[in-house]
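A short worksheet on the structure shown next.
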Amino acid sequence: MYKVFGKRTRAAVERLSDGSHRDTITDLDVTAAVIDVSFEVRPGEIFVVMGLSGSGKSTLIRMLNGLLEPTAGSVSVDGVDISALDKKSLLALRGEKISMVFQHFALLPHRTVRENAAYGLELRGVPRAERDRKADETLELVGLGGWEDRLPHQLSGGMQQRVGLARALAADTDIILMDEAFSALDPLIRRDMQSQLLELQKSLGKTIVFITHDLNEAMRLGDRICVLRDGRVAQIGTAQEILSRPANDYVARFTEDVDRTRVLTAASALDSTADADDSLPKVDADTPIADLYPDVSAADRMRVVDEGRTVGTVTRESVLAALSGADDGEEHR
């Protein structure tokens with residue numbers, strides 16, 4: 001998928017498709033925002049698109065909801081090419097399949113919290129009693145029960161963002177697009193919102209595309225992460241894959257300051273040479289290494305369990321090996 005702004009866009013796509021950098025098309029007087037980006041988001045996953053300013057992530061999310069049409073390529077939702085839809089069908093798709101959570105809340109200031117949460121349902125013509133009931137349910141889910149009749153200005157920034165999240169959940173769409181949804185919040189509130197999103201996702205299982213410029217946020221939230229650089233995909237993978245096996249120097253530099261103990265888990269520190277003994281202390285496979293330290297220091301070996309099944313053991317030595325990147329790939333060197 002490509003998005004090029006300007007007049008000679010087709011010529012630019014032809015030149016870029018051979019792998020050329022976007023600086024090579026300056027003579028065409030165009031701007032290439034997204035270059036040969038391709039991925040598939042799996043049902044029920046949080047797919048994070050991470051990149052610095054100018055990487056193309058904002059343009060990309062606008063193509064995902066049909067606000068921008070790709071210069072080349074397509075965006076398919078459940079097998080339907082959304083760029084081929086007429087305006088009415090596209091609006092219906094947004095109402096029924098895709099909802100958005102914005103960076104700056106986008107709340108209607110003169111409507112109550114309940115009315116804001118129910119707004120998407122109102123646009124779909126849902127009767128008031130039903131949409132109020134649904135709004136109240138989702139406000140309760142995001143921790144705003146009792147605030148239904150307040151106005152947005154009476155809420156803190158974090159609470160306003162919870163209303164935005166409740167509005168997306170109330171719409172009951174399969175897909176939620178979150179555009180830098182937490183970046184305007186203070187660090188502590190931001191982390192609380194991340195925790196709440198992860199907790200809600202356990203029970204709701206939505207398909208979420210989350211845009212961020214923060215690698216730590218990406219690694220905490222993403223089932224998989226797409227790292228963008230200058231409009232192109234630098235790497236797609238899980239947090240552990242990107243941290244342990246960066247695809248190139250750019251990604252490797254990005255991950256230098258990441259707290260490995262919070263990203264790597266027991267599953268990434270397995271000691272393949274050790275037999276699992278049912279008598280060993282047990283730890284879940286997705287337990288961060290940071291949370292293993294007290295137990296590993298007290299026990300030479302622990303049994304790692306994934307969904308009730310023993311998958312191996314973890315030792316102090318295997319933890320240190322994982323943290324030191326002993327099994328890093330060579331691709332970026």
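The way I read the labels, and the way they are meant: chains A, B, ... in the order of the structure tokens, residue 1 as the first residue of every chain, and ligand 1 as the first ligand shown, with later ones counted on from there.
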Quiz prompt | Who sits within 8 Å of Met302 in chain A, only C-alpha atoms, same chain under 5 positions skipped, as an NGL selection string | solution = :A and (280-283 or 296 or 313-315)
Quiz item: Quick one: residues within 7 Å of Ala239 in chain A, only C-alpha atoms counted, chain neighbours fewer than 3 positions away excluded, as an NGL selection string?
Solution: :A and (219 or 224-225 or 242-243 or 263)
Contact table range 65-114 of chain A vs range 143-151 of chain A, cut-off 6 Å, shortest pair per residue, only C-alpha atoms, as a Markdown table:
| residue | atom | partner | partner_atom | distance |
| --- | --- | --- | --- | --- |
| A:Thr112 | CA | A:Leu151 | CA | 4.6 |
| A:Val113 | CA | A:Glu148 | CA | 5.0 |
| A:Arg114 | CA | A:Glu148 | CA | 4.7 |
Range 83-156 of chain A residues near range 50-73 of chain A within 10 Å, closest pair each, using only C-alpha atoms, as a Markdown table:
| residue | atom | partner | partner_atom | distance |
| --- | --- | --- | --- | --- |
| A:Ser83 | CA | A:Glu69 | CA | 6.0 |
| A:Ala84 | CA | A:Glu69 | CA | 9.4 |
| A:Leu85 | CA | A:Gly66 | CA | 9.2 |
| A:Lys87 | CA | A:Gly66 | CA | 9.8 |
| A:Leu90 | CA | A:Gly66 | CA | 7.3 |
| A:Leu91 | CA | A:Gly66 | CA | 9.2 |
| A:Leu93 | CA | A:Asn65 | CA | 8.9 |
| A:Arg94 | CA | A:Asn65 | CA | 7.1 |
| A:Lys97 | CA | A:Asn65 | CA | 9.9 |
| A:Ile98 | CA | A:Asn65 | CA | 7.2 |
| A:Ser99 | CA | A:Asn65 | CA | 8.6 |
| A:Met100 | CA | A:Asn65 | CA | 8.7 |
Quiz item: What residues in range 100-205 of chain A get the DSSP label strand (DSSP E or B)? Please answer as a ChimeraX atom specification.
Solution: /A:100-101,175-179
With N, CA and C atoms retained, could you export that selection as a tab-separated table (two decimals), in the first residue's frame?
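Result saved to part_20.tsv:
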chain	number	residue	atom	x	y	z
A	100	MET	N	-13.40	4.64	16.49
A	100	MET	CA	-12.13	5.36	16.67
A	100	MET	C	-12.03	5.92	18.09
A	101	VAL	N	-10.81	5.93	18.60
A	101	VAL	CA	-10.49	6.65	19.83
A	101	VAL	C	-9.38	7.62	19.47
A	175	ILE	N	-13.75	-3.78	15.23
A	175	ILE	CA	-12.43	-3.15	15.09
A	175	ILE	C	-12.44	-1.80	15.78
A	176	ILE	N	-11.37	-1.53	16.55
A	176	ILE	CA	-11.19	-0.22	17.17
A	176	ILE	C	-9.84	0.33	16.73
A	177	LEU	N	-9.85	1.53	16.17
A	177	LEU	CA	-8.63	2.22	15.80
A	177	LEU	C	-8.32	3.27	16.87
A	178	MET	N	-7.11	3.24	17.41
A	178	MET	CA	-6.74	4.15	18.49
A	178	MET	C	-5.54	4.97	18.04
A	179	ASP	N	-5.78	6.25	17.77
A	179	ASP	CA	-4.77	7.13	17.20
A	179	ASP	C	-4.09	7.95	18.30
Practice problem: For range 192-194 of chain A, please output as number ranges by chain all residues within 10 Å (counting only C-alpha atoms; exclusion window: fewer than 6 positions along the same chain). | Solution: A: 142, 158-159, 161-162, 165, 181-182, 185-186, 200, 217, 220-221
Quiz prompt | From A:Leu155, A:Leu215, A:Ala170, A:Ala234, residue lying nearest Thr255 in chain A [only C-alpha atoms] | solution =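 Comparing A:Leu155, A:Leu215, A:Ala170, A:Ala234 against Thr255 in chain A, the winner is A:Leu215.
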Practice problem: May I ask which of the residues A:Thr265, A:Arg245, A:Glu45, A:Arg167 is the closest one to Leu198 in chain A, counting only C-alpha atoms? | Solution: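 Answer, going by the shortest atom-to-atom distance: A:Glu45.
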Quiz prompt | Per-residue DSSP, range 13-219 of chain A, filtered to helix (DSSP H, G or I), as an MDAnalysis selection string | solution = chainID A and resid 13:16 22:28 57:64 82:84 87:96 113:117 119:123 128:141 152:154 157:170 187:204 215:219
Those residues you just picked out, can you put them in a file as a CSV table (one decimal), in the first residue's frame with C-alpha atoms?
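Below is the file out-v4.csv, written as the result:
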chain,number,residue,atom,x,y,z
A,13,VAL,CA,4.9,4.9,-6.9
A,14,GLU,CA,6.7,3.3,-9.9
A,15,ARG,CA,10.0,4.7,-8.7
A,16,LEU,CA,9.5,3.8,-5.1
A,22,ARG,CA,11.6,8.7,-0.8
A,23,ASP,CA,14.4,11.3,-1.2
A,24,THR,CA,14.8,10.1,-4.8
A,25,ILE,CA,11.4,11.5,-5.9
A,26,THR,CA,12.0,15.1,-4.9
A,27,ASP,CA,12.1,16.1,-8.6
A,28,LEU,CA,8.5,14.9,-9.0
A,57,LYS,CA,1.6,6.3,10.9
A,58,SER,CA,-1.1,9.1,10.9
A,59,THR,CA,-1.6,8.8,7.2
A,60,LEU,CA,-1.8,5.0,7.6
A,61,ILE,CA,-4.6,5.1,10.1
A,62,ARG,CA,-6.6,7.5,7.9
A,63,MET,CA,-6.4,5.0,5.1
A,64,LEU,CA,-7.5,2.2,7.5
A,82,ILE,CA,-13.1,-0.1,1.5
A,83,SER,CA,-11.8,2.2,-1.2
A,84,ALA,CA,-14.3,0.6,-3.6
A,87,LYS,CA,-20.0,7.2,0.6
A,88,LYS,CA,-23.1,5.6,2.1
A,89,SER,CA,-21.6,2.1,2.3
A,90,LEU,CA,-18.4,3.5,3.8
A,91,LEU,CA,-20.3,5.4,6.5
A,92,ALA,CA,-22.2,2.2,7.3
A,93,LEU,CA,-18.9,0.3,7.6
A,94,ARG,CA,-17.6,2.9,10.0
A,95,GLY,CA,-20.7,2.7,12.1
A,96,GLU,CA,-21.0,-1.1,12.2
A,113,VAL,CA,-20.8,11.8,29.6
A,114,ARG,CA,-23.7,9.3,28.8
A,115,GLU,CA,-24.6,11.2,25.6
A,116,ASN,CA,-21.0,11.3,24.5
A,117,ALA,CA,-20.6,7.5,25.1
A,119,TYR,CA,-23.1,9.2,20.3
A,120,GLY,CA,-22.1,6.5,17.8
A,121,LEU,CA,-25.2,4.5,18.5
A,122,GLU,CA,-27.3,7.7,18.1
A,123,LEU,CA,-25.8,8.2,14.6
A,128,ARG,CA,-32.6,6.2,23.1
A,129,ALA,CA,-33.4,3.7,25.8
A,130,GLU,CA,-31.2,1.1,24.3
A,131,ARG,CA,-28.3,3.4,23.6
A,132,ASP,CA,-28.4,4.9,27.1
A,133,ARG,CA,-28.3,1.3,28.5
A,134,LYS,CA,-25.4,0.4,26.4
A,135,ALA,CA,-23.6,3.6,27.2
A,136,ASP,CA,-24.1,3.1,30.9
A,137,GLU,CA,-22.7,-0.5,30.7
A,138,THR,CA,-19.5,0.6,28.9
A,139,LEU,CA,-19.0,3.6,31.3
A,140,GLU,CA,-19.2,1.1,34.1
A,141,LEU,CA,-16.6,-1.0,32.3
A,152,PRO,CA,-16.8,16.7,29.8
A,153,HIS,CA,-15.3,19.8,31.4
A,154,GLN,CA,-16.1,18.4,34.8
A,157,GLY,CA,-8.0,14.4,31.1
A,158,GLY,CA,-7.8,10.7,32.0
A,159,MET,CA,-11.5,10.5,32.7
A,160,GLN,CA,-12.3,12.2,29.4
A,161,GLN,CA,-10.2,9.7,27.5
A,162,ARG,CA,-12.1,6.9,29.3
A,163,VAL,CA,-15.3,8.4,27.9
A,164,GLY,CA,-13.7,8.2,24.4
A,165,LEU,CA,-12.9,4.6,25.0
A,166,ALA,CA,-16.4,3.9,26.3
A,167,ARG,CA,-17.9,5.5,23.2
A,168,ALA,CA,-15.8,3.1,21.0
A,169,LEU,CA,-16.9,0.1,23.1
A,170,ALA,CA,-20.5,1.2,23.2
A,187,PRO,CA,2.6,9.4,32.5
A,188,LEU,CA,0.9,7.8,35.5
A,189,ILE,CA,-2.6,8.3,34.0
A,190,ARG,CA,-1.3,7.0,30.7
A,191,ARG,CA,0.0,3.8,32.3
A,192,ASP,CA,-3.4,3.3,34.1
A,193,MET,CA,-5.2,3.6,30.8
A,194,GLN,CA,-2.8,1.1,29.2
A,195,SER,CA,-3.5,-1.3,32.1
A,196,GLN,CA,-7.3,-0.8,31.7
A,197,LEU,CA,-7.1,-1.4,28.0
A,198,LEU,CA,-5.2,-4.7,28.5
A,199,GLU,CA,-7.7,-5.7,31.2
A,200,LEU,CA,-10.7,-4.9,29.0
A,201,GLN,CA,-9.2,-6.8,26.0
A,202,LYS,CA,-9.0,-10.0,28.0
A,203,SER,CA,-12.8,-10.1,28.2
A,204,LEU,CA,-13.8,-8.3,25.0
A,215,LEU,CA,8.2,2.2,22.0
A,216,ASN,CA,7.6,1.3,25.6
A,217,GLU,CA,3.9,1.7,25.1
A,218,ALA,CA,4.0,-0.3,21.9
A,219,MET,CA,5.9,-3.1,23.7
Quiz item: CA of Val304 in chain A and CA of Gly237 in chain A are how many Å apart?
Solution: 22.7 Å
Quiz item: Which residue gives the smallest distance to Phe210 in chain A among A:Gly222, A:Arg309, A:Ala12, A:Ser244, with only C-alpha atoms counted?
Solution: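 Answer, going by the shortest atom-to-atom distance: A:Gly222.
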Quiz item: Excluding same-chain residues fewer than 3 positions from Asp271 in chain A, what lies within 10 Å of it counting only C-alpha atoms, as a list in words?
Solution: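 In the requested form, the answer reads Ala266, Ala267, Ser268, Ala274, Asp275, Ala276, Arg301, Met302, Gly312, Thr313, Val314, Thr315, Arg316, Glu317, Ser318, Val319, Ala321 and Ala322 of chain A.
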Next, dump the selected residues to file, keeping only N, CA and C atoms, as a compact mmCIF listing (two decimals), in the first residue's frame.
# COMPACT_ATOMS: atom_id res chain seq x y z
N ALA A 266 9.06 -15.08 31.11
CA ALA A 266 9.61 -16.39 31.45
C ALA A 266 9.74 -17.26 30.21
N ALA A 267 8.81 -17.13 29.29
CA ALA A 267 8.85 -17.94 28.07
C ALA A 267 10.08 -17.64 27.23
N SER A 268 10.60 -16.42 27.33
CA SER A 268 11.77 -16.05 26.53
C SER A 268 13.08 -16.40 27.24
N ALA A 274 17.23 -28.12 30.50
CA ALA A 274 16.72 -28.61 31.79
C ALA A 274 15.39 -29.32 31.62
N ASP A 275 15.22 -30.41 32.37
CA ASP A 275 13.96 -31.13 32.38
C ASP A 275 13.00 -30.45 33.35
N ALA A 276 11.71 -30.44 32.98
CA ALA A 276 10.69 -29.86 33.84
C ALA A 276 10.22 -30.91 34.84
N ARG A 301 15.71 -23.26 40.03
CA ARG A 301 14.97 -23.59 38.81
C ARG A 301 13.48 -23.50 39.07
N MET A 302 12.74 -22.99 38.05
CA MET A 302 11.28 -22.91 38.16
C MET A 302 10.65 -23.53 36.92
N GLY A 312 8.63 -25.87 29.99
CA GLY A 312 10.06 -25.91 30.24
C GLY A 312 10.39 -25.33 31.60
N THR A 313 11.64 -24.99 31.79
CA THR A 313 12.07 -24.42 33.06
C THR A 313 12.85 -23.13 32.81
N VAL A 314 12.97 -22.35 33.88
CA VAL A 314 13.76 -21.14 33.84
C VAL A 314 14.71 -21.15 35.02
N THR A 315 15.94 -20.72 34.77
CA THR A 315 16.96 -20.68 35.81
C THR A 315 17.55 -19.29 35.89
N ARG A 316 18.33 -19.04 36.93
CA ARG A 316 19.00 -17.75 37.02
C ARG A 316 19.91 -17.52 35.82
N GLU A 317 20.58 -18.58 35.39
CA GLU A 317 21.48 -18.45 34.25
C GLU A 317 20.72 -18.15 32.96
N SER A 318 19.57 -18.80 32.77
CA SER A 318 18.82 -18.56 31.53
C SER A 318 18.21 -17.16 31.53
N VAL A 319 17.84 -16.65 32.71
CA VAL A 319 17.34 -15.28 32.80
C VAL A 319 18.43 -14.29 32.41
N ALA A 321 21.00 -14.86 30.56
CA ALA A 321 21.29 -15.01 29.13
C ALA A 321 20.28 -14.26 28.29
N ALA A 322 19.00 -14.33 28.68
CA ALA A 322 17.95 -13.64 27.94
C ALA A 322 18.14 -12.13 28.03
Self-check item: Counting only C-alpha atoms, the residue of A:Val305, A:Arg232, A:Val251, A:Gly44 that sits nearest Asp277 in chain A
Solution: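 Distance minimum relative to Asp277 in chain A lands on A:Val305.
CA of Val37 in chain A sits 28.1 Å away from CA of Asp172 in chain A.
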